$ cat model-v3.pdb   # PDB, C-alpha atoms
ATOM      1  CA  MET A  15      60.950-112.098 -15.768
ATOM      2  CA  ILE A  16      63.980-111.877 -18.051
ATOM      3  CA  PRO A  17      63.509-110.034 -21.361
ATOM      4  CA  ARG A  18      64.773-111.229 -24.710
ATOM      5  CA  SER A  19      66.689-109.060 -27.167
ATOM      6  CA  THR A  20      65.795-109.401 -30.859
ATOM      7  CA  TYR A  21      66.815-107.627 -34.080
ATOM      8  CA  VAL A  22      64.365-107.177 -36.953
ATOM      9  CA  ARG A  23      65.142-106.052 -40.491
ATOM     10  CA  ALA A  24      62.989-103.246 -41.865
ATOM     11  CA  GLY A  25      64.162-102.305 -45.338
ATOM     12  CA  ARG A  26      67.674-100.899 -44.982
ATOM     13  CA  HIS A  27      67.288-100.597 -41.222
ATOM     14  CA  GLU A  28      67.860-102.950 -38.305
ATOM     15  CA  LEU A  29      65.460-102.485 -35.389
ATOM     16  CA  HIS A  30      66.141-103.626 -31.865
ATOM     17  CA  VAL A  31      63.177-105.032 -29.941
ATOM     18  CA  THR A  32      62.967-106.079 -26.298
ATOM     19  CA  GLU A  33      60.505-108.976 -25.930
ATOM     20  CA  TRP A  34      58.611-110.045 -22.815
ATOM     21  CA  GLY A  35      56.266-113.007 -22.370
ATOM     22  CA  GLU A  36      55.308-115.859 -24.652
ATOM     23  CA  ARG A  37      55.254-115.406 -28.405
ATOM     24  CA  GLY A  38      51.827-116.152 -29.797
ATOM     25  CA  GLY A  39      49.975-114.535 -26.902
ATOM     26  CA  PRO A  40      47.853-111.397 -27.287
ATOM     27  CA  ALA A  41      50.212-108.728 -28.604
ATOM     28  CA  LEU A  42      51.008-105.516 -26.748
ATOM     29  CA  VAL A  43      53.308-102.931 -28.341
ATOM     30  CA  MET A  44      54.848-100.353 -26.004
ATOM     31  CA  TRP A  45      56.487 -97.461 -27.879
ATOM     32  CA  HIS A  46      58.691 -94.927 -26.104
ATOM     33  CA  GLY A  47      59.177 -91.161 -26.357
ATOM     34  CA  LEU A  48      61.452 -88.991 -28.485
ATOM     35  CA  ALA A  49      64.886 -89.522 -26.911
ATOM     36  CA  ARG A  50      64.231 -92.717 -25.005
ATOM     37  CA  THR A  51      64.378 -96.487 -25.641
ATOM     38  CA  GLY A  52      62.095 -99.485 -25.303
ATOM     39  CA  ARG A  53      63.767-100.361 -22.001
ATOM     40  CA  ASP A  54      61.844 -97.507 -20.353
ATOM     41  CA  PHE A  55      58.914 -99.918 -20.056
ATOM     42  CA  ASP A  56      60.763-102.657 -18.164
ATOM     43  CA  GLU A  57      58.569-102.560 -15.066
ATOM     44  CA  ALA A  58      55.250-102.476 -16.916
ATOM     45  CA  ALA A  59      56.326-104.973 -19.578
ATOM     46  CA  ALA A  60      57.588-107.466 -17.001
ATOM     47  CA  ALA A  61      54.332-107.243 -15.075
ATOM     48  CA  LEU A  62      52.038-107.465 -18.116
ATOM     49  CA  ALA A  63      53.973-110.354 -19.682
ATOM     50  CA  ASP A  64      51.785-112.773 -17.710
ATOM     51  CA  SER A  65      48.894-111.825 -20.006
ATOM     52  CA  TYR A  66      50.510-110.491 -23.191
ATOM     53  CA  PHE A  67      53.382-110.928 -25.582
ATOM     54  CA  VAL A  68      54.949-107.519 -25.025
ATOM     55  CA  ILE A  69      57.293-105.945 -27.557
ATOM     56  CA  CYS A  70      59.181-102.733 -26.825
ATOM     57  CA  PRO A  71      61.058-101.451 -29.894
ATOM     58  CA  ASP A  72      63.885 -98.929 -29.973
ATOM     59  CA  THR A  73      62.863 -96.328 -32.557
ATOM     60  CA  LEU A  74      65.234 -95.568 -35.429
ATOM     61  CA  GLY A  75      68.177 -93.565 -34.143
ATOM     62  CA  ARG A  76      67.705 -94.660 -30.546
ATOM     63  CA  GLY A  77      69.075 -97.421 -28.364
ATOM     64  CA  LEU A  78      70.380-100.371 -30.358
ATOM     65  CA  SER A  79      68.440 -99.639 -33.560
ATOM     66  CA  SER A  80      70.170 -98.295 -36.645
ATOM     67  CA  TRP A  81      70.392 -94.576 -37.427
ATOM     68  CA  SER A  82      68.895 -92.545 -40.249
ATOM     69  CA  ALA A  83      70.613 -91.787 -43.512
ATOM     70  CA  PRO A  84      72.652 -88.550 -43.276
ATOM     71  CA  GLY A  85      70.538 -85.492 -42.537
ATOM     72  CA  GLY A  86      67.893 -87.218 -40.425
ATOM     73  CA  ALA A  87      65.403 -87.740 -43.257
ATOM     74  CA  ASP A  88      64.238 -91.066 -41.783
ATOM     75  CA  TYR A  89      63.191 -89.572 -38.456
ATOM     76  CA  SER A  90      59.553 -89.229 -39.460
ATOM     77  CA  TYR A  91      56.330 -90.950 -38.487
ATOM     78  CA  ALA A  92      56.150 -92.378 -42.014
ATOM     79  CA  SER A  93      59.475 -94.185 -41.484
ATOM     80  CA  PHE A  94      58.602 -95.184 -37.923
ATOM     81  CA  GLY A  95      55.291 -96.573 -39.138
ATOM     82  CA  GLU A  96      57.034 -98.657 -41.791
ATOM     83  CA  THR A  97      59.359-100.126 -39.172
ATOM     84  CA  ALA A  98      56.412-100.840 -36.874
ATOM     85  CA  LEU A  99      54.679-102.752 -39.667
ATOM     86  CA  ALA A 100      57.881-104.695 -40.371
ATOM     87  CA  ILE A 101      58.113-105.661 -36.695
ATOM     88  CA  LEU A 102      54.500-106.858 -36.647
ATOM     89  CA  ASP A 103      55.073-108.850 -39.843
ATOM     90  CA  HIS A 104      58.194-110.404 -38.320
ATOM     91  CA  TYR A 105      56.131-111.807 -35.458
ATOM     92  CA  GLY A 106      53.032-112.562 -37.535
ATOM     93  CA  ILE A 107      50.914-110.251 -35.365
ATOM     94  CA  GLY A 108      47.374-109.393 -36.452
ATOM     95  CA  GLU A 109      45.412-107.563 -33.777
ATOM     96  CA  LEU A 110      47.323-105.708 -31.077
ATOM     97  CA  ARG A 111      47.117-103.292 -28.189
ATOM     98  CA  TRP A 112      49.313-100.160 -28.234
ATOM     99  CA  VAL A 113      50.737 -98.130 -25.347
ATOM    100  CA  GLY A 114      52.620 -95.049 -26.530
ATOM    101  CA  THR A 115      54.446 -92.457 -24.445
ATOM    102  CA  SER A 116      54.815 -88.998 -25.993
ATOM    103  CA  MET A 117      56.151 -89.571 -29.529
ATOM    104  CA  GLY A 118      55.051 -93.196 -29.235
ATOM    105  CA  GLY A 119      51.538 -91.992 -28.472
ATOM    106  CA  LEU A 120      51.312 -89.832 -31.592
ATOM    107  CA  LEU A 121      52.756 -92.674 -33.655
ATOM    108  CA  GLY A 122      50.022 -94.881 -32.244
ATOM    109  CA  VAL A 123      47.383 -92.300 -33.219
ATOM    110  CA  THR A 124      48.817 -92.094 -36.744
ATOM    111  CA  LEU A 125      48.768 -95.869 -37.173
ATOM    112  CA  ALA A 126      45.395 -96.377 -35.471
ATOM    113  CA  ALA A 127      43.903 -93.913 -37.965
ATOM    114  CA  GLY A 128      45.700 -95.416 -40.956
ATOM    115  CA  ALA A 129      47.703 -98.561 -41.612
ATOM    116  CA  LEU A 130      46.598-100.301 -38.392
ATOM    117  CA  LYS A 131      43.081 -98.877 -38.122
ATOM    118  CA  ASP A 132      41.449-102.309 -38.074
ATOM    119  CA  ARG A 133      44.184-103.946 -35.984
ATOM    120  CA  ILE A 134      44.806-101.725 -32.938
ATOM    121  CA  THR A 135      42.010-102.631 -30.525
ATOM    122  CA  HIS A 136      43.193-100.659 -27.474
ATOM    123  CA  LEU A 137      45.252 -97.455 -27.546
ATOM    124  CA  VAL A 138      46.915 -95.721 -24.588
ATOM    125  CA  ILE A 139      48.110 -92.176 -25.341
ATOM    126  CA  ASN A 140      50.556 -91.147 -22.631
ATOM    127  CA  ASP A 141      50.934 -87.381 -22.222
ATOM    128  CA  ILE A 142      50.786 -86.164 -25.803
ATOM    129  CA  GLY A 143      48.146 -84.599 -28.002
ATOM    130  CA  PRO A 144      47.496 -83.246 -31.492
ATOM    131  CA  ASP A 145      48.367 -79.722 -30.324
ATOM    132  CA  ILE A 146      51.719 -79.366 -28.520
ATOM    133  CA  PRO A 147      52.646 -76.061 -26.846
ATOM    134  CA  GLU A 148      55.813 -74.437 -28.171
ATOM    135  CA  ALA A 149      57.179 -74.234 -24.631
ATOM    136  CA  GLY A 150      57.121 -78.000 -24.389
ATOM    137  CA  THR A 151      58.719 -78.683 -27.764
ATOM    138  CA  GLY A 152      61.290 -75.965 -27.124
ATOM    139  CA  ARG A 153      62.305 -77.441 -23.778
ATOM    140  CA  ILE A 154      62.693 -80.918 -25.222
ATOM    141  CA  ALA A 155      64.534 -79.750 -28.333
ATOM    142  CA  SER A 156      66.979 -77.754 -26.217
ATOM    143  CA  TYR A 157      68.354 -80.802 -24.409
ATOM    144  CA  VAL A 158      67.784 -83.457 -27.073
ATOM    145  CA  GLY A 159      69.723 -81.462 -29.649
ATOM    146  CA  ASN A 160      72.584 -80.774 -27.239
ATOM    147  CA  PRO A 161      73.447 -84.149 -25.735
ATOM    148  CA  PRO A 162      75.880 -84.241 -22.822
ATOM    149  CA  VAL A 163      79.383 -85.657 -22.966
ATOM    150  CA  CYS A 164      80.323 -87.002 -19.542
ATOM    151  CA  ASP A 165      83.386 -88.612 -17.999
ATOM    152  CA  THR A 166      81.372 -91.282 -16.174
ATOM    153  CA  VAL A 167      78.009 -93.017 -16.281
ATOM    154  CA  ALA A 168      77.345 -91.609 -12.813
ATOM    155  CA  GLU A 169      77.585 -88.102 -14.289
ATOM    156  CA  LEU A 170      75.185 -89.108 -17.054
ATOM    157  CA  GLU A 171      72.743 -90.433 -14.463
ATOM    158  CA  ALA A 172      72.839 -87.062 -12.705
ATOM    159  CA  TRP A 173      72.130 -85.357 -16.053
ATOM    160  CA  LEU A 174      69.190 -87.685 -16.680
ATOM    161  CA  ARG A 175      67.757 -87.044 -13.220
ATOM    162  CA  THR A 176      67.885 -83.291 -13.914
ATOM    163  CA  ASN A 177      66.568 -83.229 -17.466
ATOM    164  CA  TYR A 178      63.932 -85.885 -16.839
ATOM    165  CA  ALA A 179      62.839 -84.514 -13.474
ATOM    166  CA  PRO A 180      59.262 -84.162 -14.841
ATOM    167  CA  PHE A 181      59.127 -87.980 -14.839
ATOM    168  CA  GLY A 182      58.379 -87.601 -11.141
ATOM    169  CA  ASP A 183      59.593 -89.344  -8.008
ATOM    170  CA  ASN A 184      61.038 -92.655  -9.213
ATOM    171  CA  THR A 185      63.272 -95.104  -7.377
ATOM    172  CA  ASP A 186      67.070 -95.085  -7.433
ATOM    173  CA  ALA A 187      66.882 -98.427  -9.235
ATOM    174  CA  PHE A 188      64.752 -96.829 -11.966
ATOM    175  CA  TRP A 189      67.273 -94.026 -12.538
ATOM    176  CA  ARG A 190      70.219 -96.443 -12.566
ATOM    177  CA  ARG A 191      68.465 -98.658 -15.096
ATOM    178  CA  MET A 192      67.682 -95.556 -17.152
ATOM    179  CA  ALA A 193      71.366 -94.599 -17.094
ATOM    180  CA  ASP A 194      72.455 -98.129 -18.020
ATOM    181  CA  THR A 195      70.097 -98.238 -21.021
ATOM    182  CA  SER A 196      70.742 -94.629 -22.086
ATOM    183  CA  ALA A 197      74.552 -94.623 -22.191
ATOM    184  CA  ARG A 198      77.025 -95.182 -25.016
ATOM    185  CA  ARG A 199      80.739 -94.503 -25.310
ATOM    186  CA  THR A 200      82.108 -91.962 -27.762
ATOM    187  CA  ASP A 201      85.179 -92.627 -29.889
ATOM    188  CA  ALA A 202      87.150 -90.707 -27.261
ATOM    189  CA  GLY A 203      85.894 -92.970 -24.473
ATOM    190  CA  LYS A 204      83.534 -90.426 -22.953
ATOM    191  CA  VAL A 205      79.892 -91.194 -22.080
ATOM    192  CA  THR A 206      76.917 -89.746 -23.922
ATOM    193  CA  VAL A 207      73.281 -90.604 -24.555
ATOM    194  CA  HIS A 208      72.237 -93.569 -26.695
ATOM    195  CA  TYR A 209      70.653 -91.673 -29.582
ATOM    196  CA  ASP A 210      71.516 -89.817 -32.770
ATOM    197  CA  PRO A 211      71.424 -86.044 -32.042
ATOM    198  CA  LEU A 212      69.683 -85.605 -35.400
ATOM    199  CA  ILE A 213      66.466 -87.074 -33.977
ATOM    200  CA  VAL A 214      65.731 -83.436 -33.101
ATOM    201  CA  THR A 215      64.922 -82.933 -36.810
ATOM    202  CA  GLN A 216      61.485 -84.288 -35.854
ATOM    203  CA  PHE A 217      60.758 -80.653 -34.929
ATOM    204  CA  THR A 218      62.212 -79.148 -38.135
ATOM    205  CA  LEU A 219      62.078 -81.495 -41.116
ATOM    206  CA  HIS A 220      58.849 -83.226 -40.114
ATOM    207  CA  LYS A 221      56.697 -80.602 -38.371
ATOM    208  CA  GLY A 222      53.607 -82.042 -40.017
ATOM    209  CA  ASP A 223      53.995 -85.167 -37.895
ATOM    210  CA  LEU A 224      52.944 -83.119 -34.867
ATOM    211  CA  ASP A 225      49.703 -81.809 -36.411
ATOM    212  CA  VAL A 226      47.423 -84.827 -36.238
ATOM    213  CA  TRP A 227      43.942 -83.632 -35.258
ATOM    214  CA  ASP A 228      42.564 -85.111 -38.496
ATOM    215  CA  LYS A 229      44.122 -88.476 -37.723
ATOM    216  CA  TYR A 230      43.052 -88.324 -34.083
ATOM    217  CA  ASP A 231      39.448 -87.731 -35.149
ATOM    218  CA  ALA A 232      39.632 -90.890 -37.297
ATOM    219  CA  VAL A 233      40.708 -93.187 -34.441
ATOM    220  CA  THR A 234      38.064 -95.743 -33.466
ATOM    221  CA  ALA A 235      40.081 -97.949 -31.094
ATOM    222  CA  LYS A 236      39.164 -98.037 -27.435
ATOM    223  CA  THR A 237      41.384 -95.259 -26.064
ATOM    224  CA  LEU A 238      42.781 -94.108 -22.723
ATOM    225  CA  LEU A 239      44.428 -90.693 -22.382
ATOM    226  CA  LEU A 240      46.989 -90.064 -19.630
ATOM    227  CA  ARG A 241      48.340 -86.660 -18.600
ATOM    228  CA  GLY A 242      50.961 -85.631 -16.066
ATOM    229  CA  GLU A 243      49.354 -82.956 -13.928
ATOM    230  CA  ALA A 244      52.251 -80.528 -14.564
ATOM    231  CA  SER A 245      52.809 -81.485 -18.208
ATOM    232  CA  ASP A 246      54.108 -78.786 -20.551
ATOM    233  CA  VAL A 247      53.512 -81.029 -23.587
ATOM    234  CA  LEU A 248      49.831 -81.914 -23.139
ATOM    235  CA  SER A 249      47.893 -78.910 -21.854
ATOM    236  CA  GLY A 250      44.769 -79.347 -19.774
ATOM    237  CA  SER A 251      42.649 -77.638 -22.421
ATOM    238  CA  THR A 252      43.934 -79.891 -25.217
ATOM    239  CA  ALA A 253      43.379 -82.982 -23.066
ATOM    240  CA  GLU A 254      39.791 -81.934 -22.379
ATOM    241  CA  ALA A 255      39.222 -81.273 -26.082
ATOM    242  CA  MET A 256      40.514 -84.758 -26.856
ATOM    243  CA  THR A 257      37.861 -86.293 -24.589
ATOM    244  CA  ARG A 258      35.161 -84.701 -26.743
ATOM    245  CA  ARG A 259      36.588 -85.676 -30.135
ATOM    246  CA  GLY A 260      37.727 -88.731 -32.043
ATOM    247  CA  PRO A 261      37.731 -91.826 -29.833
ATOM    248  CA  LYS A 262      36.523 -89.727 -26.839
ATOM    249  CA  PRO A 263      38.890 -91.352 -24.358
ATOM    250  CA  LYS A 264      38.697 -91.379 -20.624
ATOM    251  CA  LEU A 265      41.222 -88.861 -19.254
ATOM    252  CA  VAL A 266      43.332 -89.807 -16.239
ATOM    253  CA  THR A 267      45.545 -87.092 -14.737
ATOM    254  CA  MET A 268      48.611 -88.473 -13.003
ATOM    255  CA  PRO A 269      49.696 -86.572  -9.871
ATOM    256  CA  GLY A 270      53.279 -85.756  -8.967
ATOM    257  CA  CYS A 271      54.741 -85.613 -12.463
ATOM    258  CA  GLY A 272      54.922 -83.575 -15.628
ATOM    259  CA  HIS A 273      55.927 -84.929 -19.022
ATOM    260  CA  ALA A 274      55.610 -87.850 -18.902
ATOM    261  CA  PRO A 275      54.294 -90.512 -16.497
ATOM    262  CA  THR A 276      56.739 -93.449 -16.492
ATOM    263  CA  LEU A 277      54.070 -96.158 -16.048
ATOM    264  CA  ALA A 278      56.477 -97.909 -13.701
ATOM    265  CA  SER A 279      54.530 -97.849 -10.415
ATOM    266  CA  GLU A 280      52.209-100.582  -9.195
ATOM    267  CA  GLY A 281      49.235 -98.247  -9.454
ATOM    268  CA  GLU A 282      50.020 -97.242 -13.038
ATOM    269  CA  ILE A 283      50.551-100.849 -14.064
ATOM    270  CA  ALA A 284      47.247-101.878 -12.460
ATOM    271  CA  MET A 285      45.517 -99.088 -14.394
ATOM    272  CA  LEU A 286      47.024-100.335 -17.680
ATOM    273  CA  ARG A 287      46.042-103.914 -16.885
ATOM    274  CA  GLY A 288      42.449-102.909 -16.219
ATOM    275  CA  PHE A 289      42.134-100.878 -19.421
ATOM    276  CA  LEU A 290      43.921-103.318 -21.708
ATOM    277  CA  GLY A 291      41.900-106.224 -20.381
TER     278      GLY A 291
END
$ encode --input "model-v3.pdb" --output "structure tokens"
Amino acid sequence: MIPRSTYVRAGRHELHVTEWGERGGPALVMWHGLARTGRDFDEAAAALADSYFVICPDTLGRGLSSWSAPGGADYSYASFGETALAILDHYGIGELRWVGTSMGGLLGVTLAAGALKDRITHLVINDIGPDIPEAGTGRIASYVGNPPVCDTVAELEAWLRTNYAPFGDNTDAFWRRMADTSARRTDAGKVTVHYDPLIVTQFTLHKGDLDVWDKYDAVTAKTLLLRGEASDVLSGSTAEAMTRRGPKPKLVTMPGCGHAPTLASEGEIAMLRGFLG
């Protein structure tokens, strides 16, 4: 399965979207985490494209999408939600299923409780919750806000393997693809990550985006909650509380990883297929 690359206008922004499957089929949106891109879902999107029209956007400031105005003011769930709605309008999508990893999961919660409450039928929340431990946000902010500058893509791949070690035991092909889709050249010809360092303002300018218990409690979509067994972003106690509130999802704990499960293995893809179906 070969993906298609599309660009969608959303106000003053240009959003990059990776498409899989036939347009017009049941829609599945897969939204990535804080410092990642839509290409993280390649394995799952390729597999699920036999049943869905899968769209994997690059969030503002990441991948091939445009960056915020100076200061990072656009790196908020309000702005991300507006771009999500613009993408859906571009394709003429009504009802949809949503799989969100980390930041993409909380964005899904926000939309499923608000602008897309009557349109998101199935929601997968991958290793994130309405209450995030400071240790987890601190760890992520420390490397996201201090991106590496490398001489080669091979060095960047080594950096990714170290900083994303909680992803678990993935294949060499996965890590190479991650390096390929995470790299950009600086003006000096060096290699760095494919995002605006100011995306870290999510933790400073927009702290309210991370406090979403009220929105979570308003979600009515059929929901599945995933947690990496060693996650420092979704604690076991918060995950258990989530099963008793709001959409009362089934909780699946994924062995051998922390934050966050990549959803790239055959078993993970089969689990998604069963839930989404």
$ resolve_selection --input "model-v3.pdb" --expression "the PyMOL selection byres ((chain A and resi 270) around 9)" --output "list in words"
Pro180, Phe181, Gly182, Asp183, Gly242, Glu243, Ala244, Met268, Pro269, Cys271, Gly272 and Pro275 of chain A
$ residues_near_point --input "model-v3.pdb" --point "(63.4, -81.7, -34.6)" --cutoff "12 Å" --atoms "all atoms listed in the file" --output "JSON, numbers by chain"
{"A": [48, 49, 85, 86, 87, 88, 89, 90, 117, 151, 152, 153, 154, 155, 156, 157, 158, 159, 160, 210, 211, 212, 213, 214, 215, 216, 217, 218, 219, 220, 221, 222, 223, 224]}
$ residues_around --input "model-v3.pdb" --residues "range 102-112 of chain A" --least-positions-apart "5" --cutoff "7 Å" --atoms "only C-alpha atoms" --output "list in words"
Pro40, Ala41, Leu42, Val43, Met44, Gly122, Arg133, Ile134, Thr135, His136, Leu137 and Val138 of chain A
$ write_last_selection --input "model-v3.pdb" --atoms "C-alpha atoms" --output "PDB file, in the frame of the given file"
ATOM      1  CA  PRO A  40      47.853-111.397 -27.287  1.00  0.00           C
ATOM      2  CA  ALA A  41      50.212-108.728 -28.604  1.00  0.00           C
ATOM      3  CA  LEU A  42      51.008-105.516 -26.748  1.00  0.00           C
ATOM      4  CA  VAL A  43      53.308-102.931 -28.341  1.00  0.00           C
ATOM      5  CA  MET A  44      54.848-100.353 -26.004  1.00  0.00           C
ATOM      6  CA  GLY A 122      50.022 -94.881 -32.244  1.00  0.00           C
ATOM      7  CA  ARG A 133      44.184-103.946 -35.984  1.00  0.00           C
ATOM      8  CA  ILE A 134      44.806-101.725 -32.938  1.00  0.00           C
ATOM      9  CA  THR A 135      42.010-102.631 -30.525  1.00  0.00           C
ATOM     10  CA  HIS A 136      43.193-100.659 -27.474  1.00  0.00           C
ATOM     11  CA  LEU A 137      45.252 -97.455 -27.546  1.00  0.00           C
ATOM     12  CA  VAL A 138      46.915 -95.721 -24.588  1.00  0.00           C
TER      13      VAL A 138
END
$ axis_aligned_box --input "model-v3.pdb" --around "range 62-78 of chain A" --padding-each-side "6 Å" --output "JSON"
{"center_x": 59.6, "center_y": -103.2, "center_z": -26.6, "size_x": 33.5, "size_y": 31.2, "size_z": 29.7}
$ closest_residue --input "model-v3.pdb" --among "A:His46, A:Arg198, A:His27, A:Arg53" --to "Thr97 in chain A" --atoms "all atoms listed in the file"
A:His27
$ atom_distance --input "model-v3.pdb" --atom1 "CA of Gly288 in chain A" --atom2 "CA of Leu99 in chain A"
26.4 Å
$ atom_distance --input "model-v3.pdb" --atom1 "CA of Phe55 in chain A" --atom2 "CA of Thr185 in chain A"
14.2 Å
$ closest_residue --input "model-v3.pdb" --among "A:Val31, A:Ala60, A:Val163, A:Leu248" --to "Ala98 in chain A" --atoms "all atoms listed in the file"
A:Val31
$ closest_residue --input "model-v3.pdb" --among "A:Ala129, A:Ala58, A:Ile101, A:Leu120" --to "Arg23 in chain A" --atoms "all atoms listed in the file"
A:Ile101
$ atom_distance --input "model-v3.pdb" --atom1 "CA of Gly47 in chain A" --atom2 "CA of Arg241 in chain A"
14.1 Å
$ closest_residue --input "model-v3.pdb" --among "A:Ser196, A:Val266, A:Thr176, A:Asp225" --to "Met285 in chain A" --atoms "all atoms listed in the file"
A:Val266
$ closest_residue --input "model-v3.pdb" --among "A:Arg258, A:His273, A:Lys229, A:Lys236" --to "Gly128 in chain A" --atoms "all atoms listed in the file"
A:Lys229
$ resolve_selection --input "model-v3.pdb" --expression "the PyMOL selection byres ((chain A and resi 251) around 12)" --output "PDB file with C-alpha atoms, in the frame of the given file"
ATOM      1  CA  GLY A 143      48.146 -84.599 -28.002  1.00  0.00           C
ATOM      2  CA  PRO A 144      47.496 -83.246 -31.492  1.00  0.00           C
ATOM      3  CA  ASP A 145      48.367 -79.722 -30.324  1.00  0.00           C
ATOM      4  CA  ILE A 146      51.719 -79.366 -28.520  1.00  0.00           C
ATOM      5  CA  PRO A 147      52.646 -76.061 -26.846  1.00  0.00           C
ATOM      6  CA  ARG A 241      48.340 -86.660 -18.600  1.00  0.00           C
ATOM      7  CA  SER A 245      52.809 -81.485 -18.208  1.00  0.00           C
ATOM      8  CA  ASP A 246      54.108 -78.786 -20.551  1.00  0.00           C
ATOM      9  CA  VAL A 247      53.512 -81.029 -23.587  1.00  0.00           C
ATOM     10  CA  LEU A 248      49.831 -81.914 -23.139  1.00  0.00           C
ATOM     11  CA  SER A 249      47.893 -78.910 -21.854  1.00  0.00           C
ATOM     12  CA  GLY A 250      44.769 -79.347 -19.774  1.00  0.00           C
ATOM     13  CA  THR A 252      43.934 -79.891 -25.217  1.00  0.00           C
ATOM     14  CA  ALA A 253      43.379 -82.982 -23.066  1.00  0.00           C
ATOM     15  CA  GLU A 254      39.791 -81.934 -22.379  1.00  0.00           C
ATOM     16  CA  ALA A 255      39.222 -81.273 -26.082  1.00  0.00           C
ATOM     17  CA  MET A 256      40.514 -84.758 -26.856  1.00  0.00           C
ATOM     18  CA  THR A 257      37.861 -86.293 -24.589  1.00  0.00           C
ATOM     19  CA  ARG A 258      35.161 -84.701 -26.743  1.00  0.00           C
ATOM     20  CA  LEU A 265      41.222 -88.861 -19.254  1.00  0.00           C
TER      21      LEU A 265
END
$ closest_residue --input "model-v3.pdb" --among "A:Leu78, A:Leu125, A:Ile283, A:Leu238" --to "Val207 in chain A" --atoms "all atoms listed in the file"
A:Leu78
$ resolve_selection --input "model-v3.pdb" --expression "the PyMOL selection byres ((chain A and resi 30) around 6)" --output "count of residues only"
8
$ residues_around --input "model-v3.pdb" --residues "Glu169 in chain A" --least-positions-apart "3" --cutoff "12 Å" --atoms "only C-alpha atoms" --output "VMD selection string"
chain A and resid 162 to 166 172 to 176 190 193 to 194 197 204 to 207
$ residues_near_point --input "model-v3.pdb" --point "(40.9, -91.9, -31.4)" --cutoff "9 Å" --atoms "only C-alpha atoms" --output "VMD selection string"
chain A and resid 123 126 to 127 137 229 to 237 256 259 to 263
$ decode --input "model-v3.pdb" --residues "range 171-220 of chain A" --atoms "C-alpha atoms" --output "compact mmCIF listing (two decimals), in the first residue's frame"
# COMPACT_ATOMS: atom_id res chain seq x y z
CA GLU A 171 18.44 7.84 14.45
CA ALA A 172 20.62 6.96 17.43
CA TRP A 173 19.19 9.97 19.30
CA LEU A 174 15.64 8.86 18.48
CA ARG A 175 16.32 5.31 19.64
CA THR A 176 17.56 6.70 22.98
CA ASN A 177 14.91 9.32 23.64
CA TYR A 178 12.05 7.17 22.37
CA ALA A 179 13.24 3.98 24.05
CA PRO A 180 9.89 3.78 25.92
CA PHE A 181 8.30 3.00 22.54
CA GLY A 182 9.54 -0.53 23.17
CA ASP A 183 11.26 -3.15 21.05
CA ASN A 184 10.59 -2.10 17.45
CA THR A 185 12.27 -3.28 14.26
CA ASP A 186 15.29 -1.65 12.64
CA ALA A 187 13.03 -0.76 9.72
CA PHE A 188 10.69 1.09 12.10
CA TRP A 189 13.54 3.18 13.55
CA ARG A 190 14.95 3.97 10.10
CA ARG A 191 11.53 5.07 8.88
CA MET A 192 11.17 7.16 12.03
CA ALA A 193 14.52 8.82 11.31
CA ASP A 194 13.60 9.43 7.66
CA THR A 195 10.30 11.10 8.60
CA SER A 196 11.73 13.00 11.59
CA ALA A 197 14.74 14.67 9.95
CA ARG A 198 15.22 18.11 8.40
CA ARG A 199 18.32 20.04 7.42
CA THR A 200 19.29 23.27 9.14
CA ASP A 201 20.52 26.31 7.23
CA ALA A 202 24.04 25.15 8.09
CA GLY A 203 23.43 21.72 6.57
CA LYS A 204 23.22 19.87 9.87
CA VAL A 205 20.40 17.44 10.74
CA THR A 206 17.73 18.12 13.35
CA VAL A 207 14.20 17.01 14.15
CA HIS A 208 11.24 17.92 11.94
CA TYR A 209 9.39 20.20 14.36
CA ASP A 210 9.35 23.74 15.68
CA PRO A 211 11.07 23.77 19.12
CA LEU A 212 8.31 26.12 20.30
CA ILE A 213 5.81 23.25 20.35
CA VAL A 214 7.03 22.85 23.94
CA THR A 215 4.89 25.91 24.77
CA GLN A 216 2.04 23.38 25.03
CA PHE A 217 3.29 22.95 28.61
CA THR A 218 3.58 26.69 29.37
CA LEU A 219 1.20 28.84 27.33
CA HIS A 220 -1.60 26.28 27.16
